[in-house]
$ cat upload03.cif   # mmCIF, C-alpha atoms and all ligand atoms
data_model
#
loop_
_atom_site.label_atom_id
_atom_site.label_comp_id
_atom_site.auth_asym_id
_atom_site.auth_seq_id
_atom_site.Cartn_x
_atom_site.Cartn_y
_atom_site.Cartn_z
CA MET T 1 -200.79 -23.79 -7.33
CA THR T 2 -204.07 -22.25 -8.58
CA GLU T 3 -206.95 -22.89 -6.17
CA TRP T 4 -209.65 -25.05 -7.74
CA SER T 5 -213.28 -23.97 -7.96
CA SER T 6 -216.12 -25.45 -9.96
CA THR T 7 -215.89 -22.59 -12.47
CA SER T 8 -212.13 -22.92 -12.98
CA LEU T 9 -212.81 -26.45 -14.20
CA LEU T 10 -213.84 -25.01 -17.53
CA ALA T 11 -210.75 -22.83 -17.74
CA ASP T 12 -209.54 -24.04 -21.11
CA ARG T 13 -212.85 -25.01 -22.76
CA ASP T 14 -214.27 -22.59 -25.32
CA PRO T 15 -217.38 -21.12 -23.64
CA GLU T 16 -218.99 -20.84 -27.08
CA TRP T 17 -218.32 -24.47 -27.94
CA ARG T 18 -221.96 -25.37 -28.57
CA GLN T 19 -222.28 -22.67 -31.22
CA VAL T 20 -218.99 -23.70 -32.82
CA LEU T 21 -220.14 -27.32 -32.83
CA LYS T 22 -223.49 -26.53 -34.42
CA SER T 23 -221.93 -24.51 -37.16
CA ASN T 24 -219.53 -27.37 -37.96
CA LEU T 25 -222.25 -30.03 -37.75
CA ARG T 26 -224.29 -28.18 -40.38
CA GLN T 27 -221.49 -28.47 -42.90
CA ILE T 28 -221.56 -32.27 -43.02
CA ASP T 29 -223.93 -34.58 -44.81
CA TRP T 30 -224.60 -37.10 -42.02
CA SER T 31 -225.80 -40.64 -42.61
CA GLU T 32 -229.40 -41.40 -41.77
CA SER T 33 -228.48 -43.31 -38.60
CA LEU T 34 -226.71 -40.28 -37.08
CA GLN T 35 -228.86 -37.49 -38.52
CA GLY T 36 -231.51 -37.80 -35.77
CA ILE T 37 -228.87 -37.34 -33.07
CA VAL T 38 -227.23 -34.46 -34.92
CA ASP T 39 -230.67 -32.80 -35.21
CA LYS T 40 -231.17 -33.07 -31.45
CA ILE T 41 -227.79 -31.47 -30.80
CA LEU T 42 -228.66 -28.68 -33.24
CA ASP T 43 -231.96 -28.17 -31.37
CA ASP T 44 -230.23 -28.15 -27.92
CA LYS T 45 -232.15 -31.25 -26.85
CA PRO T 46 -230.38 -33.49 -24.30
CA LEU T 47 -229.39 -36.90 -25.60
CA THR T 48 -231.31 -39.75 -23.98
CA LYS T 49 -230.66 -43.37 -23.09
CA GLN T 50 -232.13 -44.40 -26.42
CA ASP T 51 -229.75 -42.03 -28.22
CA GLY T 52 -226.85 -43.54 -26.30
CA LEU T 53 -227.90 -47.03 -27.37
CA SER T 54 -228.16 -46.00 -30.98
CA LEU T 55 -224.67 -44.44 -30.79
CA PHE T 56 -223.36 -47.74 -29.39
CA SER T 57 -224.85 -49.60 -32.35
CA GLU T 58 -223.95 -47.03 -35.02
CA PRO T 59 -222.67 -49.08 -37.99
CA ASN T 60 -220.18 -46.47 -39.21
CA LEU T 61 -217.49 -46.21 -36.55
CA PHE T 62 -215.57 -43.53 -38.45
CA GLU T 63 -218.56 -41.25 -38.78
CA LEU T 64 -219.25 -41.75 -35.07
CA GLY T 65 -215.63 -40.80 -34.45
CA GLN T 66 -216.02 -37.73 -36.63
CA LEU T 67 -219.03 -36.59 -34.60
CA ALA T 68 -217.06 -37.07 -31.37
CA LEU T 69 -214.02 -35.29 -32.79
CA LEU T 70 -216.14 -32.29 -33.77
CA HIS T 71 -217.30 -32.08 -30.12
CA LYS T 72 -213.72 -32.23 -28.90
CA LYS T 73 -212.52 -29.63 -31.42
CA ALA T 74 -215.38 -27.26 -30.60
CA MET T 75 -214.38 -27.44 -26.93
CA PHE T 76 -210.58 -27.49 -27.13
CA GLY T 77 -209.54 -26.87 -30.73
CA GLU T 78 -206.44 -28.87 -31.56
CA ARG T 79 -205.24 -29.00 -27.95
CA ALA T 80 -204.64 -32.29 -26.13
CA TYR T 81 -203.55 -32.48 -22.51
CA PHE T 82 -201.12 -34.41 -20.36
CA ASN T 83 -199.32 -33.92 -17.08
CA SER T 84 -196.09 -34.94 -15.43
CA ASN T 85 -197.03 -37.34 -12.70
CA VAL T 86 -195.96 -40.45 -10.84
CA HIS T 87 -198.09 -43.32 -9.58
CA ILE T 88 -197.32 -44.69 -6.13
CA ASN T 89 -199.57 -47.45 -4.78
CA GLN T 90 -199.29 -47.25 -1.01
CA THR T 91 -200.35 -50.86 -0.34
CA ASN T 92 -201.63 -53.88 -2.23
CA ILE T 93 -203.17 -55.41 0.91
CA CYS T 94 -206.92 -55.36 0.58
CA VAL T 95 -209.81 -56.67 2.66
CA LEU T 96 -211.87 -57.13 -0.50
CA ALA T 97 -211.27 -59.41 -3.48
CA CYS T 98 -212.90 -57.93 -6.57
CA ARG T 99 -212.93 -60.50 -9.36
CA PHE T 100 -211.47 -58.15 -11.96
CA CYS T 101 -208.53 -57.13 -9.76
CA ALA T 102 -205.05 -58.54 -10.36
CA PHE T 103 -203.44 -56.14 -7.89
CA ARG T 104 -204.78 -56.96 -4.42
CA ARG T 105 -203.09 -59.35 -2.03
CA GLY T 106 -204.08 -60.85 1.29
CA PRO T 107 -201.94 -59.66 4.22
CA LYS T 108 -200.00 -62.93 4.37
CA ALA T 109 -199.09 -63.16 0.68
CA ASP T 110 -195.37 -63.28 -0.06
CA ASP T 111 -195.58 -60.20 -2.23
CA ALA T 112 -197.96 -58.21 0.00
CA TYR T 113 -196.62 -54.79 0.92
CA ALA T 114 -197.61 -51.66 2.82
CA LEU T 115 -195.31 -48.65 2.43
CA SER T 116 -194.50 -46.82 5.63
CA ILE T 117 -194.73 -43.04 5.38
CA GLU T 118 -190.93 -42.88 5.26
CA ASN T 119 -190.77 -45.46 2.46
CA TYR T 120 -193.48 -43.67 0.51
CA LEU T 121 -191.62 -40.36 0.77
CA GLU T 122 -188.36 -42.02 -0.21
CA GLU T 123 -190.08 -43.35 -3.34
CA LEU T 124 -191.61 -39.97 -4.14
CA SER T 125 -188.28 -38.19 -3.69
CA LYS T 126 -186.86 -40.11 -6.66
CA PHE T 127 -189.42 -38.49 -8.97
CA SER T 128 -190.12 -35.21 -7.21
CA PRO T 129 -187.93 -32.98 -9.44
CA TYR T 130 -189.78 -34.14 -12.57
CA VAL T 131 -193.44 -34.29 -11.53
CA ASN T 132 -196.19 -32.04 -10.23
CA GLU T 133 -198.68 -34.74 -9.26
CA VAL T 134 -198.62 -37.96 -7.30
CA HIS T 135 -201.44 -40.39 -8.04
CA SER T 136 -201.98 -42.80 -5.16
CA VAL T 137 -204.57 -45.52 -4.91
CA GLY T 138 -204.27 -48.88 -3.26
CA GLY T 139 -205.92 -51.70 -1.37
CA LEU T 140 -208.21 -51.32 1.62
CA HIS T 141 -205.67 -51.78 4.39
CA PRO T 142 -207.26 -53.35 7.47
CA GLU T 143 -205.55 -51.01 9.96
CA TRP T 144 -204.76 -47.67 8.35
CA THR T 145 -207.28 -45.04 9.45
CA VAL T 146 -207.68 -41.48 8.23
CA ASP T 147 -204.85 -40.46 10.60
CA HIS T 148 -202.34 -42.43 8.54
CA TYR T 149 -203.32 -40.66 5.32
CA ALA T 150 -203.59 -37.25 6.99
CA ASP T 151 -199.99 -37.67 8.25
CA LEU T 152 -198.83 -38.87 4.83
CA PHE T 153 -200.46 -36.01 2.94
CA ARG T 154 -199.12 -33.39 5.37
CA ARG T 155 -195.59 -34.76 4.93
CA ILE T 156 -195.92 -34.77 1.11
CA ARG T 157 -197.15 -31.19 1.06
CA SER T 158 -194.47 -30.02 3.46
CA GLU T 159 -191.55 -31.77 1.75
CA HIS T 160 -192.76 -31.45 -1.87
CA PRO T 161 -194.98 -28.38 -1.94
CA HIS T 162 -195.07 -28.28 -5.76
CA ILE T 163 -196.73 -31.72 -5.93
CA SER T 164 -200.52 -32.10 -6.00
CA ILE T 165 -201.99 -35.16 -4.34
CA LYS T 166 -204.61 -37.05 -6.35
CA ALA T 167 -205.44 -39.97 -4.11
CA LEU T 168 -207.99 -42.41 -2.71
CA THR T 169 -210.85 -43.83 -4.72
CA ALA T 170 -214.41 -43.69 -3.41
CA VAL T 171 -214.22 -47.15 -1.83
CA GLU T 172 -210.99 -46.21 -0.04
CA VAL T 173 -212.72 -43.11 1.33
CA LYS T 174 -215.65 -45.23 2.50
CA HIS T 175 -213.29 -47.75 4.13
CA LEU T 176 -211.35 -45.00 5.93
CA ALA T 177 -214.57 -43.41 7.17
CA GLN T 178 -215.74 -46.75 8.59
CA LEU T 179 -212.40 -47.55 10.24
CA SER T 180 -212.17 -44.03 11.67
CA ASN T 181 -215.79 -43.75 12.85
CA LEU T 182 -216.30 -40.63 10.79
CA THR T 183 -218.86 -39.61 8.19
CA ILE T 184 -217.79 -39.40 4.55
CA LYS T 185 -217.85 -35.62 4.78
CA GLU T 186 -215.73 -35.54 7.95
CA THR T 187 -213.25 -37.94 6.36
CA LEU T 188 -212.94 -35.90 3.18
CA LEU T 189 -212.59 -32.66 5.15
CA ARG T 190 -209.74 -34.15 7.22
CA LEU T 191 -208.00 -35.34 4.07
CA LYS T 192 -208.47 -32.02 2.29
CA GLU T 193 -207.13 -30.06 5.27
CA SER T 194 -204.11 -32.37 5.25
CA GLY T 195 -203.30 -31.61 1.61
CA LEU T 196 -205.42 -33.83 -0.62
CA THR T 197 -205.97 -32.01 -3.94
CA SER T 198 -208.44 -34.23 -5.79
CA LEU T 199 -209.92 -37.71 -5.98
CA PRO T 200 -209.19 -40.10 -8.84
CA GLY T 201 -212.20 -41.75 -10.42
CA GLY T 202 -211.37 -45.41 -9.86
CA GLY T 203 -213.92 -47.81 -8.49
CA ALA T 204 -216.93 -46.71 -10.52
CA GLU T 205 -216.64 -49.92 -12.56
CA ILE T 206 -220.23 -50.11 -13.83
CA LEU T 207 -222.78 -48.18 -11.79
CA ASP T 208 -225.27 -51.03 -11.67
CA ASP T 209 -225.60 -52.99 -8.45
CA ASP T 210 -226.39 -56.29 -10.18
CA VAL T 211 -223.13 -56.08 -12.14
CA ARG T 212 -221.22 -54.94 -9.05
CA ALA T 213 -222.50 -57.91 -7.03
CA ILE T 214 -220.71 -60.18 -9.50
CA ILE T 215 -217.53 -58.32 -10.40
CA CYS T 216 -216.77 -56.46 -7.15
CA ASN T 217 -218.95 -57.82 -4.38
CA GLY T 218 -218.56 -55.81 -1.16
CA LYS T 219 -217.46 -52.62 -2.83
CA GLU T 220 -219.41 -49.39 -2.42
CA SER T 221 -222.83 -49.39 -4.11
CA SER T 222 -223.49 -47.32 -7.22
CA GLN T 223 -225.28 -44.71 -5.14
CA GLU T 224 -222.46 -44.61 -2.58
CA TYR T 225 -219.94 -43.95 -5.37
CA LEU T 226 -222.05 -41.05 -6.60
CA ASP T 227 -222.66 -39.73 -3.06
CA ILE T 228 -218.95 -39.78 -2.15
CA HIS T 229 -218.04 -37.81 -5.27
CA GLN T 230 -220.92 -35.41 -4.69
CA THR T 231 -219.70 -34.78 -1.13
CA ALA T 232 -216.16 -34.24 -2.41
CA HIS T 233 -217.38 -31.66 -4.92
CA GLU T 234 -219.46 -29.90 -2.25
CA ILE T 235 -216.42 -29.37 -0.04
CA GLY T 236 -214.28 -28.15 -2.95
CA LEU T 237 -212.45 -31.33 -3.91
CA PRO T 238 -212.67 -31.99 -7.66
CA SER T 239 -212.59 -35.56 -8.91
CA ASN T 240 -212.43 -37.76 -11.97
CA CYS T 241 -214.80 -40.59 -12.78
CA THR T 242 -214.23 -43.83 -14.63
CA MET T 243 -215.98 -46.71 -16.35
CA LEU T 244 -214.57 -50.23 -16.47
CA PHE T 245 -216.11 -51.88 -19.54
CA GLY T 246 -215.78 -55.27 -21.19
CA THR T 247 -216.65 -57.39 -18.16
CA ILE T 248 -220.26 -58.60 -18.08
CA GLU T 249 -222.21 -55.37 -18.62
CA THR T 250 -224.72 -54.69 -21.39
CA ALA T 251 -224.76 -51.67 -23.68
CA THR T 252 -227.76 -50.38 -21.71
CA GLN T 253 -225.77 -50.55 -18.47
CA ARG T 254 -222.91 -48.63 -20.09
CA VAL T 255 -225.27 -45.90 -21.24
CA GLU T 256 -226.98 -45.71 -17.86
CA HIS T 257 -223.54 -45.45 -16.22
CA ILE T 258 -222.55 -42.54 -18.44
CA LEU T 259 -225.85 -40.75 -17.92
CA GLN T 260 -225.71 -41.06 -14.12
CA LEU T 261 -222.29 -39.39 -14.13
CA ARG T 262 -223.45 -36.77 -16.62
CA ASP T 263 -226.40 -35.92 -14.35
CA LEU T 264 -224.30 -35.63 -11.22
CA ALA T 265 -221.77 -33.47 -13.08
CA SER T 266 -224.54 -31.12 -14.15
CA GLN T 267 -225.48 -30.62 -10.49
CA THR T 268 -222.00 -30.24 -9.00
CA ASN T 269 -219.64 -29.17 -11.82
CA GLY T 270 -217.03 -31.17 -9.95
CA PHE T 271 -215.97 -33.90 -12.36
CA GLN T 272 -212.88 -32.87 -14.29
CA CYS T 273 -212.42 -35.88 -16.48
CA PHE T 274 -214.15 -39.10 -17.49
CA VAL T 275 -211.83 -42.08 -17.96
CA PRO T 276 -213.39 -45.10 -19.67
CA TYR T 277 -211.06 -48.10 -19.82
CA PRO T 278 -211.44 -51.75 -20.81
CA PHE T 279 -211.09 -54.74 -18.51
CA LEU T 280 -207.73 -56.52 -18.79
CA PRO T 281 -208.00 -60.20 -17.86
CA ASP T 282 -204.57 -61.46 -16.76
CA SER T 283 -204.54 -62.92 -13.23
CA THR T 284 -208.18 -62.05 -12.65
CA ARG T 285 -211.22 -64.22 -11.91
CA LEU T 286 -213.73 -63.24 -14.57
CA PRO T 287 -213.62 -65.98 -17.23
CA MET T 288 -217.07 -64.89 -18.49
CA ALA T 289 -215.85 -61.38 -19.35
CA GLN T 290 -216.60 -60.24 -22.91
CA LEU T 291 -213.31 -58.30 -23.31
CA SER T 292 -213.07 -55.37 -25.72
CA THR T 293 -211.53 -55.01 -29.14
CA GLY T 294 -209.65 -51.93 -30.29
CA GLN T 295 -212.67 -50.77 -32.28
CA GLU T 296 -214.89 -51.10 -29.25
CA ILE T 297 -212.51 -49.04 -27.12
CA LEU T 298 -212.60 -46.26 -29.71
CA ARG T 299 -216.40 -46.51 -29.86
CA VAL T 300 -216.74 -46.15 -26.07
CA ILE T 301 -214.50 -43.08 -26.13
CA ALA T 302 -216.48 -41.52 -28.98
CA VAL T 303 -219.88 -42.23 -27.40
CA SER T 304 -218.64 -40.89 -24.05
CA ARG T 305 -217.59 -37.63 -25.67
CA ILE T 306 -220.91 -37.19 -27.44
CA LEU T 307 -223.08 -38.02 -24.40
CA MET T 308 -220.96 -36.44 -21.65
CA ASP T 309 -221.36 -32.76 -22.34
CA THR T 310 -221.21 -31.85 -18.63
CA ILE T 311 -217.74 -33.28 -18.01
CA PRO T 312 -215.10 -31.33 -19.92
CA HIS T 313 -212.30 -33.84 -20.40
CA ILE T 314 -212.33 -37.39 -21.76
CA LYS T 315 -209.16 -39.31 -21.07
CA ALA T 316 -207.57 -41.99 -23.24
CA TYR T 317 -205.86 -43.82 -20.39
CA ARG T 318 -202.72 -45.00 -22.14
CA MET T 319 -201.59 -47.08 -19.12
CA ASN T 320 -204.51 -49.35 -19.96
CA ILE T 321 -205.04 -49.06 -23.73
CA GLY T 322 -201.43 -48.48 -24.78
CA ASP T 323 -199.82 -45.66 -26.73
CA GLU T 324 -201.07 -46.63 -30.18
CA LEU T 325 -204.76 -46.71 -29.25
CA ALA T 326 -204.38 -43.63 -27.07
CA GLU T 327 -203.02 -41.78 -30.10
CA LEU T 328 -205.98 -42.94 -32.21
CA ALA T 329 -208.42 -42.10 -29.41
CA LEU T 330 -207.39 -38.44 -29.73
CA GLN T 331 -209.06 -38.61 -33.14
CA PHE T 332 -212.20 -40.18 -31.60
CA GLY T 333 -213.03 -37.47 -29.08
CA ALA T 334 -210.51 -37.90 -26.27
CA ASP T 335 -208.54 -34.78 -25.33
CA ASP T 336 -206.24 -36.10 -22.57
CA ILE T 337 -203.72 -38.93 -22.37
CA ASP T 338 -202.91 -38.80 -18.63
CA GLY T 339 -199.26 -38.33 -17.73
CA THR T 340 -195.70 -39.49 -17.58
CA VAL T 341 -196.70 -42.02 -14.86
CA GLN T 342 -193.17 -43.47 -14.44
CA GLN T 343 -194.35 -46.68 -12.76
CA GLU T 344 -197.66 -48.51 -12.74
CA SER T 345 -198.82 -51.83 -11.27
CA ILE T 346 -202.60 -52.10 -11.35
CA MET T 347 -203.02 -52.29 -15.14
CA HIS T 348 -199.71 -54.01 -15.82
CA LEU T 349 -200.46 -56.90 -13.45
CA ALA T 350 -203.70 -57.38 -15.41
CA GLY T 351 -201.86 -57.55 -18.74
CA SER T 352 -201.15 -53.99 -19.92
CA THR T 353 -197.99 -53.63 -21.98
CA ALA T 354 -198.17 -49.82 -22.17
CA PRO T 355 -194.67 -48.37 -21.98
CA LEU T 356 -193.66 -46.74 -18.70
CA ASN T 357 -191.06 -44.03 -18.05
CA HIS T 358 -192.24 -41.76 -20.84
CA ASP T 359 -190.85 -38.29 -20.51
CA MET T 360 -192.69 -35.19 -21.64
CA GLN T 361 -190.88 -35.21 -24.95
CA GLN T 362 -192.21 -38.69 -25.77
CA LEU T 363 -195.71 -37.80 -24.65
CA SER T 364 -195.72 -34.64 -26.71
CA LYS T 365 -194.57 -36.66 -29.73
CA LEU T 366 -197.53 -39.00 -29.26
CA VAL T 367 -199.88 -36.01 -29.11
CA ARG T 368 -198.34 -34.36 -32.19
CA ASN T 369 -198.53 -37.65 -34.12
CA ALA T 370 -202.28 -37.51 -33.53
CA GLY T 371 -202.39 -34.05 -35.14
CA CYS T 372 -202.88 -32.23 -31.83
CA ILE T 373 -201.02 -29.54 -29.90
CA PRO T 374 -199.52 -30.92 -26.65
CA ILE T 375 -200.57 -28.92 -23.61
CA LYS T 376 -199.02 -29.62 -20.25
CA ARG T 377 -201.62 -29.19 -17.52
CA ASN T 378 -201.71 -29.39 -13.76
CA THR T 379 -203.81 -31.86 -11.73
CA THR T 380 -206.89 -29.66 -11.53
CA TYR T 381 -206.84 -28.41 -15.14
CA THR T 382 -206.33 -24.83 -13.99
CA GLU T 383 -202.84 -24.19 -15.41
CA PHE T 384 -201.83 -24.85 -19.00
CA GLU T 385 -198.70 -24.47 -21.06
CA GLU T 386 -197.95 -25.58 -24.61
CA TYR T 387 -195.13 -28.09 -24.47
CA VAL T 388 -192.36 -27.36 -26.92
CA ALA T 389 -189.75 -30.06 -27.05
CA PRO T 390 -186.17 -28.82 -26.64
CA LYS T 391 -184.26 -28.56 -29.91
CA PRO T 392 -181.73 -31.35 -30.43
CA ILE T 393 -178.17 -30.21 -29.80
CA LYS T 394 -176.30 -29.71 -33.09
CA ARG T 395 -173.03 -31.57 -33.21
CA LEU T 396 -170.11 -29.75 -34.82
CA PRO T 397 -168.39 -31.66 -37.60
CA MET T 398 -165.17 -33.30 -36.49
CA ALA T 399 -162.14 -31.28 -37.52
S1 LIG Q 1 -210.20 -53.29 -6.94
FE1 LIG Q 1 -209.56 -52.20 -5.08
S2 LIG Q 1 -211.07 -52.80 -3.55
FE2 LIG Q 1 -211.22 -54.31 -5.19
S3 LIG Q 1 -209.80 -55.96 -4.58
FE3 LIG Q 1 -208.65 -54.58 -5.91
S4 LIG Q 1 -207.62 -53.22 -4.49
FE4 LIG Q 1 -209.29 -54.17 -3.35
#
$ encode --input "upload03.cif" --output "structure tokens"
Amino acid sequence: MTEWSSTSLLADRDPEWRQVLKSNLRQIDWSESLQGIVDKILDDKPLTKQDGLSLFSEPNLFELGQLALLHKKAMFGERAYFNSNVHINQTNICVLACRFCAFRRGPKADDAYALSIENYLEELSKFSPYVNEVHSVGGLHPEWTVDHYADLFRRIRSEHPHISIKALTAVEVKHLAQLSNLTIKETLLRLKESGLTSLPGGGAEILDDDVRAIICNGKESSQEYLDIHQTAHEIGLPSNCTMLFGTIETATQRVEHILQLRDLASQTNGFQCFVPYPFLPDSTRLPMAQLSTGQEILRVIAVSRILMDTIPHIKAYRMNIGDELAELALQFGADDIDGTVQQESIMHLAGSTAPLNHDMQQLSKLVRNAGCIPIKRNTTYTEFEEYVAPKPIKRLPMA
């Protein structure tokens, strides 16, 4: 497994992408509403909150998509990334009750569960030959301290050394630190020493404390989310970051969210991937949510790509938006569609109908349908390989 460093994060991005982008931007006759933004990019001026708002209200979605796609192509050409992973949620028992969450259960619920280390490893063993990453997030268990996760990660690394561990969202890290009487840094160091490879980005929701007080009261604050990821990057743990949109946030709050992450990324170089995904309402408690249409999902992906020049990868999270939109999103600036996943609860309990159990052949077909070249990557985006589907076996004619 290639060791991650903040410079290896850019391993597959064209270092001359800004020049490539400018040259391509000059060849297009942009509409008046986008020309001002294109001019700023040509002049190397950073895009501002006002620019973000005007991108969110751009009347021509397809031209917006074209601008985002040119960014993606300048960075990665025709390549689009995926990995072979499995999701295992270690527990659905949670001491919090975020209003958008269909996954959590109280400890006494009939369908509450907490996988023992043995049960977790048994589950992982079923998928181990086919995956190189396990993605594990879950509820805030009232008793599991950092020792539980350190033991789990050590066992995973010892029994499945080819598997990277992407686990624990920022609020889980905060919860473990509190239960274990450790600082965030001490907690992350223990987890890293035990085998943790990277942090997923979940839990960012919208980085605005007024919104958080309504949709996820009790969760880490916006600043705590940023601080936990900053600490992770400082000790050599890369992470992803997310945005949950379509609840109660305004366009301004979306733009501010994106810009806060962009600014932190420019300081730490530690965010690998930004994953914006829409709120799914089934079994949740947010009747006032605005919800998002397909067009809006594509718009958020395109705007994210244009604004987020400090985070290399933008993911179309197909577990949430489904295969069809994920395929389209690759034409609106996304360059990654996550992985094979195998099993997923968090989005499916909230209403996702995205197909599970995709193998690499199916994922690569999705990528090729979008006009891209499928590249299999590892967790930390440091190893890449073009995926070529095996040729179908020719059957001999019956004698
Ligand atoms: S989103 Fe996470 S922290 Fe919030 S209730 Fe669900 S499992 Fe718990």
$ residues_near_ligand --input "upload03.cif" --ligand "ligand LIG 1 (chain Q)" --cutoff "6 Å" --atoms "all atoms listed in the file" --output "MDAnalysis selection string"
chainID T and resid 94 96:98 101 103:104 138:140
$ write_last_selection --input "upload03.cif" --atoms "C-alpha atoms" --output "PDB file, in the coordinates of the input"
ATOM      1  CA  CYS T  94    -206.920 -55.360   0.580  1.00  0.00           C
ATOM      2  CA  LEU T  96    -211.870 -57.130  -0.500  1.00  0.00           C
ATOM      3  CA  ALA T  97    -211.270 -59.410  -3.480  1.00  0.00           C
ATOM      4  CA  CYS T  98    -212.900 -57.930  -6.570  1.00  0.00           C
ATOM      5  CA  CYS T 101    -208.530 -57.130  -9.760  1.00  0.00           C
ATOM      6  CA  PHE T 103    -203.440 -56.140  -7.890  1.00  0.00           C
ATOM      7  CA  ARG T 104    -204.780 -56.960  -4.420  1.00  0.00           C
ATOM      8  CA  GLY T 138    -204.270 -48.880  -3.260  1.00  0.00           C
ATOM      9  CA  GLY T 139    -205.920 -51.700  -1.370  1.00  0.00           C
ATOM     10  CA  LEU T 140    -208.210 -51.320   1.620  1.00  0.00           C
TER      11      LEU T 140
END
$ residues_near_point --input "upload03.cif" --point "(-218.2, -23.4, -28.8)" --cutoff "12 Å" --atoms "only C-alpha atoms" --output "list of chain:residue names"
T:Asp12, T:Arg13, T:Asp14, T:Pro15, T:Glu16, T:Trp17, T:Arg18, T:Gln19, T:Val20, T:Leu21, T:Lys22, T:Ser23, T:Asn24, T:Leu25, T:Leu70, T:His71, T:Lys72, T:Lys73, T:Ala74, T:Met75, T:Phe76, T:Gly77, T:Asp309
$ write_last_selection --input "upload03.cif" --atoms "C-alpha atoms" --output "PDB file, in the frame of the given file"
ATOM      1  CA  ASP T  12    -209.540 -24.040 -21.110  1.00  0.00           C
ATOM      2  CA  ARG T  13    -212.850 -25.010 -22.760  1.00  0.00           C
ATOM      3  CA  ASP T  14    -214.270 -22.590 -25.320  1.00  0.00           C
ATOM      4  CA  PRO T  15    -217.380 -21.120 -23.640  1.00  0.00           C
ATOM      5  CA  GLU T  16    -218.990 -20.840 -27.080  1.00  0.00           C
ATOM      6  CA  TRP T  17    -218.320 -24.470 -27.940  1.00  0.00           C
ATOM      7  CA  ARG T  18    -221.960 -25.370 -28.570  1.00  0.00           C
ATOM      8  CA  GLN T  19    -222.280 -22.670 -31.220  1.00  0.00           C
ATOM      9  CA  VAL T  20    -218.990 -23.700 -32.820  1.00  0.00           C
ATOM     10  CA  LEU T  21    -220.140 -27.320 -32.830  1.00  0.00           C
ATOM     11  CA  LYS T  22    -223.490 -26.530 -34.420  1.00  0.00           C
ATOM     12  CA  SER T  23    -221.930 -24.510 -37.160  1.00  0.00           C
ATOM     13  CA  ASN T  24    -219.530 -27.370 -37.960  1.00  0.00           C
ATOM     14  CA  LEU T  25    -222.250 -30.030 -37.750  1.00  0.00           C
ATOM     15  CA  LEU T  70    -216.140 -32.290 -33.770  1.00  0.00           C
ATOM     16  CA  HIS T  71    -217.300 -32.080 -30.120  1.00  0.00           C
ATOM     17  CA  LYS T  72    -213.720 -32.230 -28.900  1.00  0.00           C
ATOM     18  CA  LYS T  73    -212.520 -29.630 -31.420  1.00  0.00           C
ATOM     19  CA  ALA T  74    -215.380 -27.260 -30.600  1.00  0.00           C
ATOM     20  CA  MET T  75    -214.380 -27.440 -26.930  1.00  0.00           C
ATOM     21  CA  PHE T  76    -210.580 -27.490 -27.130  1.00  0.00           C
ATOM     22  CA  GLY T  77    -209.540 -26.870 -30.730  1.00  0.00           C
ATOM     23  CA  ASP T 309    -221.360 -32.760 -22.340  1.00  0.00           C
TER      24      ASP T 309
END
$ residues_around --input "upload03.cif" --residues "T:Pro200" --least-positions-apart "3" --cutoff "9 Å" --atoms "only C-alpha atoms" --output "list of chain:residue names"
T:His135, T:Ser136, T:Val137, T:Lys166, T:Ala167, T:Leu168, T:Thr169, T:Ala170, T:Pro238, T:Ser239, T:Asn240, T:Cys241, T:Thr242
$ axis_aligned_box --input "upload03.cif" --around "stretch 13-28 of chain T" --padding-each-side "6 Å" --output "AutoDock Vina command-line options"
--center_x -218.6 --center_y -26.6 --center_z -32.9 --size_x 23.4 --size_y 23.4 --size_z 32.3
$ residues_around --input "upload03.cif" --residues "stretch 345-361 of chain T" --least-positions-apart "3" --cutoff "8 Å" --atoms "all atoms listed in the file" --output "ChimeraX atom specification"
/T:84,89,101-103,280-284,318-323,340-342,364-365,389
$ residues_around --input "upload03.cif" --residues "stretch 53-56 of chain T" --least-positions-apart "6" --cutoff "8 Å" --atoms "all atoms listed in the file" --output "ChimeraX atom specification"
/T:34,64,251-252,255,299-300,303
$ atom_distance --input "upload03.cif" --atom1 "atom CA of T:Lys185" --atom2 "atom CA of T:Gly203"
18.4 Å
$ residues_around --input "upload03.cif" --residues "T:Phe279" --least-positions-apart "5" --cutoff "8 Å" --atoms "all atoms listed in the file" --output "count of residues only"
7
$ closest_residue --input "upload03.cif" --among "T:Leu237, T:Leu42, T:Val171, T:Ile93" --to "T:Ala112" --atoms "all atoms listed in the file"
T:Ile93
$ closest_residue --input "upload03.cif" --among "T:Lys108, T:Arg368, T:His257, T:Arg262" --to "T:Ile311" --atoms "all atoms listed in the file"
T:Arg262
$ residues_around --input "upload03.cif" --residues "T:Glu385" --least-positions-apart "3" --cutoff "10 Å" --atoms "all atoms listed in the file" --output "ChimeraX atom specification"
/T:81,374-378,388
$ atom_distance --input "upload03.cif" --atom1 "atom CA of T:Gln27" --atom2 "atom CA of T:Asp263"
29.9 Å
$ atom_distance --input "upload03.cif" --atom1 "atom CA of T:Leu115" --atom2 "atom CA of T:Tyr149"
11.7 Å
$ closest_residue --input "upload03.cif" --among "T:Lys40, T:Pro129, T:Ser164, T:Val95" --to "T:Trp144" --atoms "only C-alpha atoms"
T:Val95
$ decode --input "upload03.cif" --residues "stretch 208-218 of chain T" --atoms "C-alpha atoms" --output "JSON list (two decimals), in the first residue's frame"
[["chain", "number", "residue", "atom", "x", "y", "z"],
["T", 208, "ASP", "CA", -23.71, 26.54, 9.66],
["T", 209, "ASP", "CA", -24.56, 26.23, 13.34],
["T", 210, "ASP", "CA", -28.09, 27.62, 12.96],
["T", 211, "VAL", "CA", -28.91, 24.90, 10.42],
["T", 212, "ARG", "CA", -27.17, 22.26, 12.53],
["T", 213, "ALA", "CA", -29.20, 23.22, 15.61],
["T", 214, "ILE", "CA", -32.33, 22.20, 13.70],
["T", 215, "ILE", "CA", -31.27, 19.21, 11.62],
["T", 216, "CYS", "CA", -28.64, 17.60, 13.88],
["T", 217, "ASN", "CA", -28.81, 19.15, 17.32],
["T", 218, "GLY", "CA", -26.00, 17.89, 19.57]]
